[in-house]
>>> print(open('final08.pdb').read())   # PDB, C-alpha atoms
MODEL        1
ATOM      1  CA  MET A   1      20.966  -2.408  19.140
ATOM      2  CA  GLU A   2      21.733  -6.005  18.257
ATOM      3  CA  ALA A   3      19.514  -7.982  15.936
ATOM      4  CA  LEU A   4      16.515  -9.381  17.751
ATOM      5  CA  MET A   5      16.883 -12.864  16.331
ATOM      6  CA  THR A   6      19.645 -14.833  18.065
ATOM      7  CA  LYS A   7      21.931 -17.020  15.974
ATOM      8  CA  ARG A   8      20.417 -20.104  17.578
ATOM      9  CA  ALA A   9      16.842 -19.070  16.814
ATOM     10  CA  LEU A  10      17.739 -18.004  13.278
ATOM     11  CA  LYS A  11      19.488 -21.303  12.560
ATOM     12  CA  ARG A  12      16.535 -23.277  13.839
ATOM     13  CA  MET A  13      14.044 -21.194  11.875
ATOM     14  CA  VAL A  14      15.975 -21.587   8.630
ATOM     15  CA  ARG A  15      16.565 -25.300   9.205
ATOM     16  CA  GLU A  16      12.915 -25.958   9.926
ATOM     17  CA  GLY A  17      11.555 -23.648   7.223
ATOM     18  CA  ALA A  18       8.351 -24.612   5.539
ATOM     19  CA  ASP A  19       9.946 -24.935   2.128
ATOM     20  CA  GLY A  20      12.700 -27.290   3.302
ATOM     21  CA  ARG A  21      15.309 -25.801   0.979
ATOM     22  CA  TYR A  22      18.040 -25.242   3.575
ATOM     23  CA  ASP A  23      20.171 -27.773   5.404
ATOM     24  CA  ASP A  24      22.120 -27.528   8.666
ATOM     25  CA  ASP A  25      25.265 -26.320   6.918
ATOM     26  CA  ALA A  26      23.436 -23.281   5.487
ATOM     27  CA  LYS A  27      23.976 -24.538   1.960
ATOM     28  CA  VAL A  28      21.136 -24.226  -0.469
ATOM     29  CA  ARG A  29      19.581 -27.569  -1.309
ATOM     30  CA  ARG A  30      17.519 -27.250  -4.481
ATOM     31  CA  LEU A  31      14.752 -29.804  -4.757
ATOM     32  CA  PRO A  32      13.997 -31.101  -8.267
ATOM     33  CA  VAL A  33      10.950 -29.423  -9.764
ATOM     34  CA  GLU A  34       9.182 -30.388 -12.938
ATOM     35  CA  HIS A  35       7.876 -27.391 -14.899
ATOM     36  CA  ARG A  36       4.771 -28.538 -16.730
ATOM     37  CA  GLY A  37       3.236 -25.556 -18.451
ATOM     38  CA  GLY A  38       3.716 -23.297 -15.423
ATOM     39  CA  TRP A  39       3.843 -19.534 -15.587
ATOM     40  CA  SER A  40       6.779 -17.248 -14.845
ATOM     41  CA  PRO A  41       7.247 -13.486 -15.248
ATOM     42  CA  LEU A  42      10.604 -14.207 -16.886
ATOM     43  CA  GLY A  43       8.976 -16.373 -19.540
ATOM     44  CA  GLU A  44      11.174 -19.451 -19.093
ATOM     45  CA  THR A  45      10.537 -22.594 -21.010
ATOM     46  CA  ASP A  46       9.772 -25.860 -19.249
ATOM     47  CA  ASN A  47      13.332 -27.075 -19.774
ATOM     48  CA  ALA A  48      15.121 -23.883 -18.777
ATOM     49  CA  PRO A  49      13.995 -22.696 -15.349
ATOM     50  CA  ARG A  50      15.831 -19.697 -13.944
ATOM     51  CA  ASP A  51      16.794 -19.388 -10.299
ATOM     52  CA  GLN A  52      15.946 -15.888  -9.079
ATOM     53  CA  SER A  53      18.360 -16.172  -6.133
ATOM     54  CA  TYR A  54      21.313 -16.027  -8.525
ATOM     55  CA  ILE A  55      20.129 -12.904 -10.342
ATOM     56  CA  LYS A  56      22.228 -10.247  -8.625
ATOM     57  CA  THR A  57      21.082  -7.276 -10.712
ATOM     58  CA  ILE A  58      17.319  -6.998 -10.556
ATOM     59  CA  LYS A  59      15.367  -5.392 -13.345
ATOM     60  CA  PRO A  60      11.832  -3.981 -13.282
ATOM     61  CA  LYS A  61       9.179  -6.167 -14.868
ATOM     62  CA  SER A  62       6.502  -3.473 -15.157
ATOM     63  CA  PRO A  63       6.223   0.323 -15.476
ATOM     64  CA  GLY A  64       5.232   0.607 -11.838
ATOM     65  CA  GLN A  65       8.256  -1.360 -10.684
ATOM     66  CA  ALA A  66      10.501   0.851 -12.817
ATOM     67  CA  GLN A  67       8.976   3.927 -11.161
ATOM     68  CA  LEU A  68       9.502   2.416  -7.712
ATOM     69  CA  MET A  69      13.145   1.539  -8.363
ATOM     70  CA  GLU A  70      13.835   5.020  -9.719
ATOM     71  CA  ALA A  71      12.173   6.568  -6.654
ATOM     72  CA  MET A  72      14.304   4.502  -4.258
ATOM     73  CA  ASP A  73      17.433   5.675  -6.075
ATOM     74  CA  SER A  74      16.521   9.360  -5.897
ATOM     75  CA  LYS A  75      14.437   9.923  -2.732
ATOM     76  CA  ASN A  76      15.160   9.450   0.964
ATOM     77  CA  LEU A  77      11.548   8.542   1.745
ATOM     78  CA  VAL A  78       9.419   6.370  -0.533
ATOM     79  CA  MET A  79       5.868   5.140  -0.007
ATOM     80  CA  ALA A  80       5.144   2.041  -2.114
ATOM     81  CA  LEU A  81       1.442   1.191  -2.196
ATOM     82  CA  GLY A  82      -0.090  -1.569  -4.230
ATOM     83  CA  PRO A  83      -1.796  -4.962  -4.282
ATOM     84  CA  ALA A  84      -0.192  -8.271  -3.393
ATOM     85  CA  GLY A  85       2.370  -9.593  -5.833
ATOM     86  CA  THR A  86       3.657  -6.290  -7.187
ATOM     87  CA  GLY A  87       7.118  -6.808  -5.700
ATOM     88  CA  LYS A  88       7.001  -3.984  -3.153
ATOM     89  CA  THR A  89       8.839  -5.806  -0.365
ATOM     90  CA  TYR A  90      11.194  -7.728  -2.620
ATOM     91  CA  LEU A  91      12.369  -4.645  -4.530
ATOM     92  CA  ALA A  92      12.807  -2.650  -1.321
ATOM     93  CA  ILE A  93      14.931  -5.357   0.307
ATOM     94  CA  ALA A  94      16.903  -5.877  -2.912
ATOM     95  CA  LYS A  95      17.717  -2.161  -2.977
ATOM     96  CA  ALA A  96      18.656  -2.294   0.705
ATOM     97  CA  VAL A  97      21.092  -5.160   0.098
ATOM     98  CA  GLU A  98      22.496  -3.331  -2.918
ATOM     99  CA  ALA A  99      23.085  -0.173  -0.862
ATOM    100  CA  LEU A 100      24.738  -2.119   1.962
ATOM    101  CA  GLU A 101      27.093  -4.025  -0.304
ATOM    102  CA  ALA A 102      27.990  -0.832  -2.166
ATOM    103  CA  GLY A 103      28.895   0.881   1.106
ATOM    104  CA  ARG A 104      26.251   3.595   0.800
ATOM    105  CA  VAL A 105      24.763   2.607   4.170
ATOM    106  CA  ASN A 106      26.160   0.852   7.230
ATOM    107  CA  ARG A 107      23.130  -1.261   8.069
ATOM    108  CA  ILE A 108      19.723  -2.492   6.998
ATOM    109  CA  VAL A 109      16.771  -2.142   9.357
ATOM    110  CA  LEU A 110      13.633  -4.089   8.479
ATOM    111  CA  SER A 111      10.436  -3.700  10.483
ATOM    112  CA  ARG A 112       6.867  -4.889  10.250
ATOM    113  CA  PRO A 113       3.908  -4.970  12.670
ATOM    114  CA  ALA A 114       3.256  -8.232  14.507
ATOM    115  CA  VAL A 115      -0.400  -8.455  13.481
ATOM    116  CA  GLU A 116      -2.207 -11.729  12.822
ATOM    117  CA  ALA A 117      -3.866 -12.092   9.434
ATOM    118  CA  GLY A 118      -7.477 -12.357  10.460
ATOM    119  CA  GLU A 119      -7.221 -15.274  12.887
ATOM    120  CA  SER A 120      -5.858 -15.733  16.357
ATOM    121  CA  ILE A 121      -2.992 -18.209  16.600
ATOM    122  CA  GLY A 122      -2.893 -18.020  20.385
ATOM    123  CA  TYR A 123       0.195 -17.996  22.536
ATOM    124  CA  LEU A 124       3.292 -19.196  20.747
ATOM    125  CA  PRO A 125       5.860 -21.306  22.628
ATOM    126  CA  GLY A 126       9.458 -20.311  23.186
ATOM    127  CA  ASP A 127      11.309 -17.114  23.994
ATOM    128  CA  MET A 128      10.796 -13.691  22.389
ATOM    129  CA  GLU A 129      12.744 -14.613  19.258
ATOM    130  CA  ASP A 130      10.651 -17.741  18.718
ATOM    131  CA  LYS A 131       7.382 -15.837  19.186
ATOM    132  CA  LEU A 132       8.349 -13.145  16.661
ATOM    133  CA  ALA A 133       9.738 -15.511  14.025
ATOM    134  CA  PRO A 134       6.418 -16.251  12.217
ATOM    135  CA  TYR A 135       5.653 -12.530  11.831
ATOM    136  CA  LEU A 136       9.120 -11.686  10.509
ATOM    137  CA  ARG A 137       9.573 -14.744   8.291
ATOM    138  CA  PRO A 138       8.570 -12.985   5.011
ATOM    139  CA  LEU A 139      11.478 -10.579   5.515
ATOM    140  CA  TYR A 140      13.902 -13.466   5.970
ATOM    141  CA  ASP A 141      12.551 -15.098   2.823
ATOM    142  CA  ALA A 142      13.341 -11.978   0.784
ATOM    143  CA  LEU A 143      16.778 -11.604   2.382
ATOM    144  CA  THR A 144      17.791 -15.195   1.724
ATOM    145  CA  ASP A 145      16.800 -14.729  -1.904
ATOM    146  CA  ARG A 146      19.311 -11.893  -2.246
ATOM    147  CA  LEU A 147      22.001 -13.223   0.124
ATOM    148  CA  SER A 148      23.207 -16.669   1.034
ATOM    149  CA  VAL A 149      21.992 -17.912   4.408
ATOM    150  CA  LYS A 150      25.567 -17.930   5.691
ATOM    151  CA  ARG A 151      26.119 -14.334   4.571
ATOM    152  CA  MET A 152      22.833 -13.224   6.130
ATOM    153  CA  ARG A 153      23.758 -14.841   9.445
ATOM    154  CA  ALA A 154      27.126 -13.120   9.433
ATOM    155  CA  LEU A 155      25.618  -9.706   8.720
ATOM    156  CA  MET A 156      23.003 -10.167  11.438
ATOM    157  CA  ALA A 157      25.667 -11.226  13.934
ATOM    158  CA  GLU A 158      27.600  -8.058  13.088
ATOM    159  CA  GLY A 159      24.483  -5.917  13.474
ATOM    160  CA  ALA A 160      24.568  -4.890   9.816
ATOM    161  CA  ILE A 161      21.091  -6.373   9.331
ATOM    162  CA  GLU A 162      18.419  -5.944  11.962
ATOM    163  CA  ILE A 163      14.859  -7.199  11.813
ATOM    164  CA  ALA A 164      12.470  -5.862  14.437
ATOM    165  CA  PRO A 165       8.731  -5.508  15.023
ATOM    166  CA  VAL A 166       7.276  -2.012  15.020
ATOM    167  CA  GLY A 167       6.978  -1.967  18.812
ATOM    168  CA  PHE A 168      10.768  -1.948  19.197
ATOM    169  CA  MET A 169      11.371   1.129  17.022
ATOM    170  CA  ARG A 170      10.265   3.935  19.346
ATOM    171  CA  GLY A 171      12.962   6.316  20.538
ATOM    172  CA  ARG A 172      15.533   5.398  17.914
ATOM    173  CA  THR A 173      17.361   7.520  15.341
ATOM    174  CA  LEU A 174      18.377   5.544  12.260
ATOM    175  CA  ASN A 175      21.455   7.128  10.692
ATOM    176  CA  ASN A 176      23.391   5.657   7.747
ATOM    177  CA  ALA A 177      20.714   3.014   7.290
ATOM    178  CA  PHE A 178      18.361   1.639   4.674
ATOM    179  CA  VAL A 179      15.044   1.186   6.468
ATOM    180  CA  VAL A 180      12.146  -0.890   5.130
ATOM    181  CA  ILE A 181       8.760  -0.726   6.884
ATOM    182  CA  ASP A 182       6.792  -3.667   5.519
ATOM    183  CA  GLU A 183       3.036  -4.388   5.756
ATOM    184  CA  ALA A 184       2.462  -0.772   6.776
ATOM    185  CA  GLN A 185      -1.290  -1.119   6.202
ATOM    186  CA  ASN A 186      -1.340  -2.826   9.607
ATOM    187  CA  CYS A 187       0.091   0.269  11.310
ATOM    188  CA  THR A 188      -2.064   2.959  12.860
ATOM    189  CA  TYR A 189      -1.600   6.622  11.993
ATOM    190  CA  MET A 190       0.362   7.225  15.214
ATOM    191  CA  GLN A 191       2.562   4.174  14.640
ATOM    192  CA  LEU A 192       3.417   5.379  11.152
ATOM    193  CA  LYS A 193       4.146   8.865  12.460
ATOM    194  CA  MET A 194       6.514   7.343  15.017
ATOM    195  CA  LEU A 195       8.238   5.171  12.390
ATOM    196  CA  LEU A 196       8.628   7.931   9.807
ATOM    197  CA  THR A 197      10.262  10.237  12.340
ATOM    198  CA  ARG A 198      13.002   7.628  12.984
ATOM    199  CA  LEU A 199      14.675   8.659   9.715
ATOM    200  CA  GLY A 200      18.185   9.990  10.347
ATOM    201  CA  TRP A 201      21.116  11.360   8.375
ATOM    202  CA  HIS A 202      22.274   9.612   5.196
ATOM    203  CA  SER A 203      19.376   7.175   5.367
ATOM    204  CA  THR A 204      16.660   5.928   3.055
ATOM    205  CA  MET A 205      13.260   4.684   4.221
ATOM    206  CA  VAL A 206      10.822   2.690   2.117
ATOM    207  CA  VAL A 207       7.307   2.095   3.448
ATOM    208  CA  THR A 208       5.375  -0.684   1.719
ATOM    209  CA  GLY A 209       1.782  -1.823   2.061
ATOM    210  CA  ASP A 210      -1.628  -2.347   0.530
ATOM    211  CA  PRO A 211      -4.326  -0.095   2.049
ATOM    212  CA  ASN A 212      -6.975  -2.528   0.779
ATOM    213  CA  GLN A 213      -5.612  -5.498   2.736
ATOM    214  CA  SER A 214      -5.372  -4.225   6.291
ATOM    215  CA  ASP A 215      -5.868  -6.732   9.112
ATOM    216  CA  LEU A 216      -6.913  -3.922  11.464
ATOM    217  CA  LEU A 217     -10.458  -2.861  12.155
ATOM    218  CA  PRO A 218     -11.953  -0.525   9.515
ATOM    219  CA  GLY A 219     -10.715   3.044   9.834
ATOM    220  CA  ILE A 220      -7.727   2.148  12.036
ATOM    221  CA  SER A 221      -5.002   1.837   9.398
ATOM    222  CA  GLY A 222      -3.103   5.059   8.795
ATOM    223  CA  LEU A 223      -1.289   4.145   5.565
ATOM    224  CA  GLY A 224      -3.779   5.615   3.109
ATOM    225  CA  ASP A 225      -4.094   8.881   5.027
ATOM    226  CA  VAL A 226      -0.323   9.312   5.347
ATOM    227  CA  ALA A 227       0.237   8.587   1.647
ATOM    228  CA  ASP A 228      -2.438  11.122   0.646
ATOM    229  CA  ARG A 229      -0.782  13.797   2.800
ATOM    230  CA  PHE A 230       2.673  13.067   1.340
ATOM    231  CA  GLU A 231       1.455  13.124  -2.264
ATOM    232  CA  ALA A 232       1.984  16.877  -2.563
ATOM    233  CA  MET A 233       5.523  16.838  -1.088
ATOM    234  CA  SER A 234       8.204  16.971  -3.773
ATOM    235  CA  ASN A 235      10.903  15.439  -1.542
ATOM    236  CA  ILE A 236       8.837  12.303  -0.877
ATOM    237  CA  ALA A 237       7.899   9.750  -3.527
ATOM    238  CA  VAL A 238       4.502   8.054  -3.353
ATOM    239  CA  VAL A 239       4.422   5.197  -5.849
ATOM    240  CA  ARG A 240       1.047   3.548  -6.419
ATOM    241  CA  LEU A 241       1.394   0.153  -8.065
ATOM    242  CA  GLU A 242      -1.561  -1.361  -9.906
ATOM    243  CA  ASP A 243      -2.869  -4.763 -10.952
ATOM    244  CA  ARG A 244      -0.800  -4.576 -14.146
ATOM    245  CA  ASP A 245       2.354  -4.538 -11.982
ATOM    246  CA  ILE A 246       1.611  -7.906 -10.382
ATOM    247  CA  VAL A 247       4.383 -10.384 -11.189
ATOM    248  CA  ARG A 248       2.888 -13.408  -9.489
ATOM    249  CA  HIS A 249       0.686 -15.841 -11.387
ATOM    250  CA  PRO A 250      -1.722 -13.982 -13.735
ATOM    251  CA  LEU A 251      -4.616 -15.431 -11.756
ATOM    252  CA  VAL A 252      -3.640 -13.186  -8.823
ATOM    253  CA  ALA A 253      -4.462 -10.057 -10.840
ATOM    254  CA  GLU A 254      -7.666 -11.637 -12.115
ATOM    255  CA  MET A 255      -8.769 -12.611  -8.605
ATOM    256  CA  LEU A 256      -8.034  -9.165  -7.187
ATOM    257  CA  GLY A 257     -10.129  -7.690  -9.962
ATOM    258  CA  VAL A 258     -13.258  -9.445  -8.697
ATOM    259  CA  LEU A 259     -12.629  -9.831  -4.961
TER     260      LEU A 259
ENDMDL
END
>>> encode(input="final08.pdb", output="structure tokens")
Amino acid sequence: MEALMTKRALKRMVREGADGRYDDDAKVRRLPVEHRGGWSPLGETDNAPRDQSYIKTIKPKSPGQAQLMEAMDSKNLVMALGPAGTGKTYLAIAKAVEALEAGRVNRIVLSRPAVEAGESIGYLPGDMEDKLAPYLRPLYDALTDRLSVKRMRALMAEGAIEIAPVGFMRGRTLNNAFVVIDEAQNCTYMQLKMLLTRLGWHSTMVVTGDPNQSDLLPGISGLGDVADRFEAMSNIAVVRLEDRDIVRHPLVAEMLGVL
């Protein structure tokens, strides 16, 4: 199955991205930023900012991240649960890119549910690719941080990277693939059961989500139930990240502690 995003739609989405970092020639355009007492998990000084997109070998920044990275290296199915900012999606996609470039898998399949975050945005204009772009954008952001935009486009055109909403996954068998199911707290129990049974030969699947931040009605999300059932299975890793694993601004952990 070819990637759902056409080259035309992908180019337009990247060119018109909210951060404005990319130009028409797919070359990174870095805007000047003044660091005035800001915070970073890498502990840079104001005069020595570090560009994460050029760090090819990622390293864990917390015990929970170290546990997650070890689990992805040793298990074929990993459930990564934790609050926002713990690096669940980023680490999973980084490991997927690493596996693809090392030749351990033939393709990367990224999927997430097309669920609005608490508000209705109505009918979006454009064709199917345009309508899905806002829901899938976080996955593109993580990919472009690990690959150049030009390289990502080439891999998508070849079918080596595919990004699809959950609704397009039924009936498939994913062999020789690194599969990332993102925002799984917005999947029902039956959707998760369908997604988990897509796992094929020589493949790795990482399911990420925060059971406490579901955009579904109470009791509808199946992530917590599935993770509890898998906890006792030795061949499946369930990694539960905590507030101490948050690598965003320290205020994120403080806010989550009281919200």
>>> atom_distance(input="final08.pdb", atom1="CA of Tyr140 in chain A", atom2="CA of Ile181 in chain A")
13.8 Å
>>> resolve_selection(input="final08.pdb", expression="the PyMOL selection byres ((chain A and resi 163-179) around 6)", output="ChimeraX atom specification")
/A:96,105-113,162,180,198-205
>>> resolve_selection(input="final08.pdb", expression="the PyMOL selection byres ((chain A and resi 92) around 12)", output="PyMOL selection string")
chain A and resi 58+65+68-73+77-80+86-91+93-99+108-110+139+142-143+146+178-182+204-209
>>> resolve_selection(input="final08.pdb", expression="the PyMOL selection byres ((chain A and resi 85) around 8)", output="list in words")
Pro83, Ala84, Thr86, Gly87, Lys88, Asp245, Ile246, Val247, Arg248 and Val252 of chain A
>>> closest_residue(input="final08.pdb", among="A:Met190, A:Leu259, A:Asp145, A:Ser62", to="Val226 in chain A", atoms="all atoms listed in the file")
A:Met190
>>> axis_aligned_box(input="final08.pdb", around="range 198-204 of chain A", padding_each_side="4 Å", output="lines of an AutoDock Vina configuration file")
center_x = 17.6
center_y = 8.6
center_z = 8.0
size_x = 17.3
size_y = 13.4
size_z = 17.9
>>> atom_distance(input="final08.pdb", atom1="CA of Val238 in chain A", atom2="CA of Pro138 in chain A")
23.0 Å
>>> atom_distance(input="final08.pdb", atom1="CA of Thr188 in chain A", atom2="CA of Asp225 in chain A")
10.0 Å
>>> closest_residue(input="final08.pdb", among="A:Leu192, A:Pro60, A:Gly222, A:Glu101", to="Arg151 in chain A", atoms="all atoms listed in the file")
A:Glu101
>>> closest_residue(input="final08.pdb", among="A:Phe230, A:Leu196, A:Glu242, A:Asn186", to="Pro218 in chain A", atoms="only C-alpha atoms")
A:Asn186
>>> closest_residue(input="final08.pdb", among="A:Ala232, A:Leu256, A:Leu147, A:Ala157", to="Asn212 in chain A", atoms="only C-alpha atoms")
A:Leu256
>>> closest_residue(input="final08.pdb", among="A:Val115, A:Val239, A:Ala102, A:Ala133", to="Ser221 in chain A", atoms="only C-alpha atoms")
A:Val115
